[in-house]
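Heads up: the structure comes next, in structure tokens.
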Amino acid sequence: MASRKNNSISISKYKRKREMNVGIFIFAIVFIYLIVTIIMYASSKKISVYEVREGSILKDNSYTGLAIREETVINAEKTGYINYFQNERSKVRAGMNIYAVTSGKLSYNSDVQTEGVSLSTEEMNSLAVKTQNFNENFNPQKFSSVYALKNDISNTLLDASNQTKTAQMDAVIAQNGSKADIYTAERDGLFVLDFDGYEALDADTFDKADFDQSKYKRTSREDNVQVKKGDPAYKLVTSENWSVIVPLDKEMASELSEVIYIKTRLNKESEAIWAEFSILKKDGDFYGKLDYDNSMIRYADERFLNVELIMEDESGLKIPKSAVVEKDFYVVPQEYITTGGNSSSSGVMIQDGSGEPDFTAVDIYGTTEDGKVYLRAEDLEKGSVLVRTDSSETCQLSDTKVCKGVYNINKGYAVFKMVNILCESDEYYIVKEGDTYGLYNYDHIVQDGNSVDEEEVVFQ
């Protein structure tokens with residue numbers, strides 16, 4: 001029997017080479033990174049970050065003040081119907097026509113036409129120049145310039161309006177054919193048509209009862225009203241100097257006892273004006289006396305004014321008080337700062353044991369108005385002798401000065417920045433903006449300054 005041919009195939013098992021899965025490798029790295037990050041975040045200190053922004057702090061106290069001026073009431077010299085040549089709150093000169101008295105009412109017919117008085121070329125040019133200067137030099141931080149321009153324009157137009165009314169009165173009297181007795185101003189002053197019986201008050205004669213507005217009465221005059229001889233015809237305010245008296249409690253009077261000038265705001269207007277300030281005491285009560293030498297015309301017909309005494313009004317960078325910490329600094333003349341070593345870093349030359357100067361790099365944290373710089377006490381040993389590079393003068397480090405500052409973390413680690421505090425409230429400081437070594441708007445600082453150390457890495 002023929003032998004069978006063996007056609008079987010021998011199959012040997014080989015270990016298959018395992019290929020690395022790149023995706024799983026990358027996932028593992030990312031996973032480990034996330035785990036480490038979570039652990040670091042969970043174990044790290046929680047730092048609250050505050051973004052510095054511009055702001056302001058206003059501290060004021062409001063009062064109802066009693067206005068006192070140099071006022072003279074002029075009485076009518078004849079019985080009849082009174083009509084005025086001038087607009088109220090106009091500045092008048094001695095000898096100008098002020099009012100006329102007629103036996104009967106005057107008729108202001110529409111037939112009586114008077115030509116309006118135009119501004120002169122000189123007045124127009126003056127207003128144009130003032131308006132142009134205002135446009136070119138306007139500063140939002142000095143909003144009072146708006147009121148100055150407004151007053152200039154108003155006074156010019158009022159003069160023209162007064163001339164028009166004078167012409168109108170002459171035409172009305174002529175048209176009515178009435179015999180009019182015309183009276184002129186006795187002296188220069190501001191023409192006012194309100195009367196309240198307080199005209200004779202001054203800082204010596206007022207009393208507590210004068211502040212009771214429930215008993216206050218005021219009367220006004222207008223054209224074509226009948227008056228009797230001896231009745232008030234008009235009033236002249238004869239000085240730009242005037243005062244406002246405000247009642248104070250004992251605590252506020254004590255707080256303001258050494259104040260000589262104070263910023264005020266009248267009737268809640270935007271413009272603040274300065275007043276000379278003094279304390280009066282009458283019958284056991286305290287009063288504040290505010291003396292002004294301008295703006296009288298704006299309040300000439302008002303007796304009671306809402307007055308805000310502005311104790312503090314500062315704008316700058318607003319930061320929380322909790323962010324502020326204190327550090328010790330040496331105050332060194334600028335002349336001792338030099339550059340050296342292997343870089344252009346600032347530093348000082350310090351005498352070593354052999355008396356030779358040796359360069360030490362330092363950071364400057366601030367400057368003074370008289371040309372000195374602040375150097376951190378931690379960076380220099382007390383008693384070290386600094387040497388000027390351009391002379392043989394020396395300066396020994398001894399006393400330190402405590403300065404306030406915050407930790408800036410814009411770069412991811414805490415950097416001390418000195419602050420110049422302008423004013424404060426219960427929770428915030430307003431600090432000066434724009435210092436070379438200080439803070440700027442939108443900087444990020446540590447909200448609790450005691451929670452970090454200088455140069456500590458901060459995770460935001």
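Following the order of the structure tokens, first chain is A, next is B, and so on, with residues numbered from 1 inside each chain and ligands from 1 in the order they appear.
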
(request) Might you pull out every residue within 8 Å of range 203-205 of chain A, with only C-alpha atoms counted and same-chain residues fewer than 2 positions away left off, and present them as an NGL selection string? (result) :A and (68 or 201 or 207 or 245)

Selected residues, C-alpha atoms, written as a tab-separated table (two decimals), in the first residue's frame, please.
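So selection_16.tsv came out as:
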```
chain	number	residue	atom	x	y	z
A	68	ILE	CA	-28.07	137.15	55.04
A	201	LEU	CA	-30.92	140.61	59.80
A	207	ASP	CA	-32.04	134.13	66.51
A	245	ILE	CA	-26.15	130.65	58.66
```

(message) Based on the backbone DSSP call, show me all residues of range 240-395 of chain A assigned strand (DSSP E or B), as a PyMOL selection string.
(response) chain A and resi 242-248+261-266+273-282+285-292+304-320+325-333+338-339+346-351+357-361+364-367+372-376+385-387+394-395

(message) I'd like the neighbourhood of range 46-60 of chain A as a ChimeraX atom specification, where a residue qualifies if any of its atoms comes within 6 Å (using only C-alpha atoms), though same-chain residues fewer than 2 positions away should be ignored.
(response) /A:309-318,441-447

Would you output that residue set with all heavy atoms, as a short mmCIF file (atom, residue, chain, number, x, y, z; two decimals), in the first residue's frame?
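Full text of selection-v8.cif as output:
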```cif
data_model
loop_
_atom_site.label_atom_id
_atom_site.label_comp_id
_atom_site.auth_asym_id
_atom_site.auth_seq_id
_atom_site.Cartn_x
_atom_site.Cartn_y
_atom_site.Cartn_z
N LEU A 309 -22.62 120.73 53.41
CA LEU A 309 -21.23 120.93 53.81
C LEU A 309 -20.45 119.69 53.40
O LEU A 309 -20.69 118.60 53.92
CB LEU A 309 -21.13 121.14 55.32
CG LEU A 309 -21.93 122.31 55.91
CD1 LEU A 309 -21.63 122.44 57.41
CD2 LEU A 309 -21.65 123.60 55.20
N ILE A 310 -19.58 119.85 52.44
CA ILE A 310 -18.85 118.71 51.88
C ILE A 310 -17.57 118.51 52.68
O ILE A 310 -16.60 119.25 52.54
CB ILE A 310 -18.54 118.95 50.39
CG1 ILE A 310 -19.85 119.19 49.63
CG2 ILE A 310 -17.77 117.78 49.81
CD1 ILE A 310 -19.66 119.56 48.18
N MET A 311 -17.58 117.48 53.52
CA MET A 311 -16.44 117.20 54.39
C MET A 311 -15.30 116.57 53.59
O MET A 311 -14.14 116.89 53.79
CB MET A 311 -16.85 116.27 55.53
CG MET A 311 -18.19 116.62 56.17
SD MET A 311 -18.20 118.25 56.90
CE MET A 311 -17.14 117.96 58.29
N GLU A 312 -15.65 115.67 52.71
CA GLU A 312 -14.68 115.01 51.84
C GLU A 312 -15.31 114.79 50.47
O GLU A 312 -16.47 114.40 50.39
CB GLU A 312 -14.22 113.67 52.41
CG GLU A 312 -13.29 113.78 53.61
CD GLU A 312 -12.81 112.42 54.07
OE1 GLU A 312 -13.65 111.58 54.41
OE2 GLU A 312 -11.58 112.22 54.10
N ASP A 313 -14.55 115.04 49.45
CA ASP A 313 -15.03 114.80 48.08
C ASP A 313 -13.81 114.51 47.22
O ASP A 313 -13.19 115.41 46.66
CB ASP A 313 -15.79 116.02 47.56
CG ASP A 313 -16.40 115.78 46.18
OD1 ASP A 313 -16.40 114.62 45.73
OD2 ASP A 313 -16.87 116.75 45.56
N GLU A 314 -13.45 113.25 47.14
CA GLU A 314 -12.24 112.84 46.44
C GLU A 314 -12.54 111.78 45.39
O GLU A 314 -13.40 110.91 45.59
CB GLU A 314 -11.20 112.29 47.41
CG GLU A 314 -10.64 113.30 48.41
CD GLU A 314 -9.67 114.28 47.77
OE1 GLU A 314 -9.33 114.09 46.58
OE2 GLU A 314 -9.25 115.21 48.46
N SER A 315 -11.85 111.88 44.28
CA SER A 315 -11.95 110.88 43.21
C SER A 315 -10.58 110.26 42.98
O SER A 315 -9.55 110.92 43.14
CB SER A 315 -12.47 111.52 41.92
OG SER A 315 -13.77 112.04 42.11
N GLY A 316 -10.57 109.01 42.61
CA GLY A 316 -9.32 108.31 42.35
C GLY A 316 -9.59 106.84 42.14
O GLY A 316 -10.60 106.46 41.53
N LEU A 317 -8.72 106.00 42.66
CA LEU A 317 -8.90 104.55 42.57
C LEU A 317 -9.51 104.06 43.88
O LEU A 317 -9.03 104.39 44.97
CB LEU A 317 -7.57 103.86 42.30
CG LEU A 317 -6.87 104.25 41.00
CD1 LEU A 317 -5.52 103.54 40.89
CD2 LEU A 317 -7.74 103.93 39.80
N LYS A 318 -10.56 103.26 43.75
CA LYS A 318 -11.28 102.78 44.93
C LYS A 318 -10.83 101.36 45.27
O LYS A 318 -10.93 100.46 44.43
CB LYS A 318 -12.79 102.81 44.66
CG LYS A 318 -13.66 102.62 45.88
CD LYS A 318 -15.12 102.85 45.52
CE LYS A 318 -16.02 102.77 46.74
NZ LYS A 318 -17.44 103.03 46.39
N ASN A 441 -5.89 101.88 36.96
CA ASN A 441 -7.25 101.38 36.75
C ASN A 441 -7.20 99.98 36.11
O ASN A 441 -6.40 99.72 35.21
CB ASN A 441 -8.00 102.35 35.83
CG ASN A 441 -9.50 102.22 35.99
OD1 ASN A 441 -10.00 101.71 36.99
ND2 ASN A 441 -10.24 102.68 34.99
N TYR A 442 -8.05 99.08 36.61
CA TYR A 442 -8.19 97.70 36.16
C TYR A 442 -7.08 96.77 36.65
O TYR A 442 -7.02 95.61 36.24
CB TYR A 442 -8.29 97.61 34.62
CG TYR A 442 -9.44 98.39 34.05
CD1 TYR A 442 -9.22 99.53 33.30
CD2 TYR A 442 -10.76 97.99 34.27
CE1 TYR A 442 -10.28 100.27 32.77
CE2 TYR A 442 -11.82 98.71 33.75
CZ TYR A 442 -11.58 99.85 33.01
OH TYR A 442 -12.62 100.56 32.50
N ASP A 443 -6.18 97.25 37.50
CA ASP A 443 -5.22 96.34 38.12
C ASP A 443 -5.96 95.33 38.99
O ASP A 443 -7.06 95.60 39.49
CB ASP A 443 -4.23 97.12 38.99
CG ASP A 443 -3.08 97.71 38.19
OD1 ASP A 443 -2.98 97.37 36.99
OD2 ASP A 443 -2.30 98.49 38.75
N HIS A 444 -5.34 94.17 39.19
CA HIS A 444 -5.91 93.15 40.07
C HIS A 444 -5.07 93.08 41.34
O HIS A 444 -3.84 92.95 41.27
CB HIS A 444 -5.96 91.79 39.38
CG HIS A 444 -6.98 91.71 38.30
ND1 HIS A 444 -6.74 92.15 37.01
CD2 HIS A 444 -8.27 91.27 38.30
CE1 HIS A 444 -7.82 91.98 36.27
NE2 HIS A 444 -8.77 91.44 37.03
N ILE A 445 -5.74 93.14 42.48
CA ILE A 445 -5.04 93.11 43.76
C ILE A 445 -5.67 92.04 44.65
O ILE A 445 -6.79 91.57 44.39
CB ILE A 445 -5.07 94.47 44.48
CG1 ILE A 445 -6.53 94.86 44.81
CG2 ILE A 445 -4.41 95.54 43.64
CD1 ILE A 445 -6.63 96.13 45.64
N VAL A 446 -4.95 91.65 45.70
CA VAL A 446 -5.48 90.69 46.66
C VAL A 446 -6.45 91.42 47.58
O VAL A 446 -6.11 92.45 48.15
CB VAL A 446 -4.34 90.05 47.47
CG1 VAL A 446 -4.90 89.09 48.52
CG2 VAL A 446 -3.37 89.32 46.55
N GLN A 447 -7.66 90.90 47.70
CA GLN A 447 -8.68 91.58 48.49
C GLN A 447 -8.35 91.56 49.98
O GLN A 447 -8.63 92.52 50.69
CB GLN A 447 -10.06 90.95 48.25
CG GLN A 447 -11.19 91.74 48.91
CD GLN A 447 -12.53 91.44 48.27
OE1 GLN A 447 -12.60 90.76 47.25
NE2 GLN A 447 -13.58 91.96 48.85
#
```

12 Å contact set for Gly284 in chain A, only C-alpha atoms, chain neighbours under 6 positions out, as a PDB file with N, CA, C and O atoms, in the first residue's frame:
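around16.pdb written:
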```pdb
ATOM      1  N   ASP A 207     -31.855 135.051  65.381  1.00  0.00           N
ATOM      2  CA  ASP A 207     -32.039 134.133  66.507  1.00  0.00           C
ATOM      3  C   ASP A 207     -32.657 132.837  66.005  1.00  0.00           C
ATOM      4  O   ASP A 207     -32.967 132.679  64.814  1.00  0.00           O
ATOM      5  N   LYS A 208     -32.851 131.899  66.905  1.00  0.00           N
ATOM      6  CA  LYS A 208     -33.320 130.561  66.559  1.00  0.00           C
ATOM      7  C   LYS A 208     -34.681 130.589  65.880  1.00  0.00           C
ATOM      8  O   LYS A 208     -34.951 129.796  64.963  1.00  0.00           O
ATOM      9  N   PRO A 247     -27.721 125.905  61.370  1.00  0.00           N
ATOM     10  CA  PRO A 247     -27.687 125.391  62.748  1.00  0.00           C
ATOM     11  C   PRO A 247     -26.886 124.100  62.828  1.00  0.00           C
ATOM     12  O   PRO A 247     -26.995 123.231  61.962  1.00  0.00           O
ATOM     13  N   LEU A 248     -26.061 123.978  63.873  1.00  0.00           N
ATOM     14  CA  LEU A 248     -25.214 122.798  64.066  1.00  0.00           C
ATOM     15  C   LEU A 248     -25.460 122.202  65.445  1.00  0.00           C
ATOM     16  O   LEU A 248     -25.757 122.929  66.403  1.00  0.00           O
ATOM     17  N   ASP A 249     -25.321 120.885  65.546  1.00  0.00           N
ATOM     18  CA  ASP A 249     -25.342 120.292  66.878  1.00  0.00           C
ATOM     19  C   ASP A 249     -23.943 120.422  67.484  1.00  0.00           C
ATOM     20  O   ASP A 249     -22.969 120.796  66.814  1.00  0.00           O
ATOM     21  N   LYS A 250     -23.840 120.111  68.766  1.00  0.00           N
ATOM     22  CA  LYS A 250     -22.588 120.317  69.482  1.00  0.00           C
ATOM     23  C   LYS A 250     -21.457 119.475  68.902  1.00  0.00           C
ATOM     24  O   LYS A 250     -20.310 119.940  68.782  1.00  0.00           O
TER      25      LYS A 250
END
```

(message) I'd like the contact shell of Gly95 in chain A - 8 Å cut-off, only C-alpha atoms, skipping same-chain residues fewer than 5 positions apart - returned as a list in words.
(response)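 In the requested format, the answer is Thr184, Ala185, Glu186 and Arg187 of chain A.
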
Output all heavy atoms for every residue in the selection just made, as a JSON list (two decimals), in the first residue's frame.
```json
[["chain", "number", "residue", "atom", "x", "y", "z"],
["A", 184, "THR", "N", -35.67, 157.14, 40.34],
["A", 184, "THR", "CA", -34.39, 156.53, 39.96],
["A", 184, "THR", "C", -33.74, 155.81, 41.15],
["A", 184, "THR", "O", -34.13, 155.99, 42.30],
["A", 184, "THR", "CB", -33.41, 157.60, 39.44],
["A", 184, "THR", "OG1", -33.19, 158.58, 40.48],
["A", 184, "THR", "CG2", -33.99, 158.30, 38.21],
["A", 185, "ALA", "N", -32.72, 154.99, 40.82],
["A", 185, "ALA", "CA", -32.00, 154.24, 41.86],
["A", 185, "ALA", "C", -31.17, 155.20, 42.71],
["A", 185, "ALA", "O", -30.51, 156.10, 42.19],
["A", 185, "ALA", "CB", -31.12, 153.19, 41.23],
["A", 186, "GLU", "N", -31.22, 154.97, 44.00],
["A", 186, "GLU", "CA", -30.45, 155.82, 44.91],
["A", 186, "GLU", "C", -28.96, 155.47, 44.90],
["A", 186, "GLU", "O", -28.12, 156.30, 45.19],
["A", 186, "GLU", "CB", -31.00, 155.68, 46.33],
["A", 186, "GLU", "CG", -32.45, 156.14, 46.47],
["A", 186, "GLU", "CD", -32.96, 155.97, 47.90],
["A", 186, "GLU", "OE1", -32.18, 155.46, 48.75],
["A", 186, "GLU", "OE2", -34.12, 156.36, 48.16],
["A", 187, "ARG", "N", -28.65, 154.21, 44.59],
["A", 187, "ARG", "CA", -27.25, 153.75, 44.58],
["A", 187, "ARG", "C", -27.14, 152.52, 43.71],
["A", 187, "ARG", "O", -28.14, 151.97, 43.23],
["A", 187, "ARG", "CB", -26.77, 153.45, 46.00],
["A", 187, "ARG", "CG", -27.61, 152.42, 46.73],
["A", 187, "ARG", "CD", -27.12, 152.18, 48.14],
["A", 187, "ARG", "NE", -25.77, 151.61, 48.16],
["A", 187, "ARG", "CZ", -25.19, 151.18, 49.27],
["A", 187, "ARG", "NH1", -25.82, 151.26, 50.44],
["A", 187, "ARG", "NH2", -23.97, 150.69, 49.23]]
```

(message) With only C-alpha atoms as the counted atoms, please give the residues lying no more than 12 Å from Lys235 in chain A, apart from itself and same-chain residues fewer than 3 positions off, as a ChimeraX atom specification.
(response) /A:69-76,88-92,98-99,185-200,219-221,231-232,238,300-301

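Taking CA of Gln351 in chain A and CA of Lys372 in chain A as the two end points, the separation is 20.4 Å.
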
(message) Counting only C-alpha atoms, which residue out of A:Leu256, A:Met40, A:Met296, A:Ala209 sits closest to Leu280 in chain A?
(response) A:Leu256

(message) To test your reading of the structure, identify every residue in range 283-370 of chain A that backbone DSSP assigns to helix (DSSP H, G or I), and report it as a VMD selection string.
(response) chain A and resid 296 to 299 321 to 323 334 to 336

Got a sec: who's within 8 Å of Arg388 in chain A, counting only C-alpha atoms, leaving out chain neighbours fewer than 3 positions off, as a compact mmCIF listing (two decimals) with C-alpha atoms, in the first residue's frame?
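Below is the file result09.txt, written as the result:
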```txt
# COMPACT_ATOMS: atom_id res chain seq x y z
CA GLU A 335 21.39 110.25 44.24
CA TYR A 336 22.38 106.97 45.91
CA ILE A 337 20.53 104.88 43.31
CA MET A 349 26.59 100.71 46.56
CA SER A 391 31.15 111.59 45.32
CA SER A 392 32.49 110.43 48.65
CA GLU A 393 29.22 111.10 50.47
CA THR A 394 27.69 108.28 52.47
```

(request) Please indicate the distance in Å from CA of Cys395 in chain A to CA of Val348 in chain A, rounded to one decimal place. (result)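 Taking CA of Cys395 in chain A as the start and CA of Val348 in chain A as the end point, the length is 10.8 Å.
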
(request) Using only C-alpha atoms, find the one residue out of A:Ser354, A:Asn306, A:Thr367, A:Ser43 that sits nearest to Tyr63 in chain A. (result)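 Among A:Ser354, A:Asn306, A:Thr367, A:Ser43, it is A:Asn306 that comes nearest to Tyr63 in chain A.
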
(request) Find the distance between CA of Ser322 in chain A and CA of Ser451 in chain A and write it in Å to one decimal. (result)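 Result for CA of Ser322 in chain A versus CA of Ser451 in chain A: 10.1 Å, one decimal.
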
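Closest to Thr102 in chain A among A:Gly353, A:Gly80, A:Gly438, A:Gly65 is A:Gly80, based on only C-alpha atoms.
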
(request) Kindly indicate which residue among A:Ala67, A:Ile35, A:Ala253, A:Val415 lies nearest to Val307 in chain A, using only C-alpha atoms for the distances. (result) A:Ala67
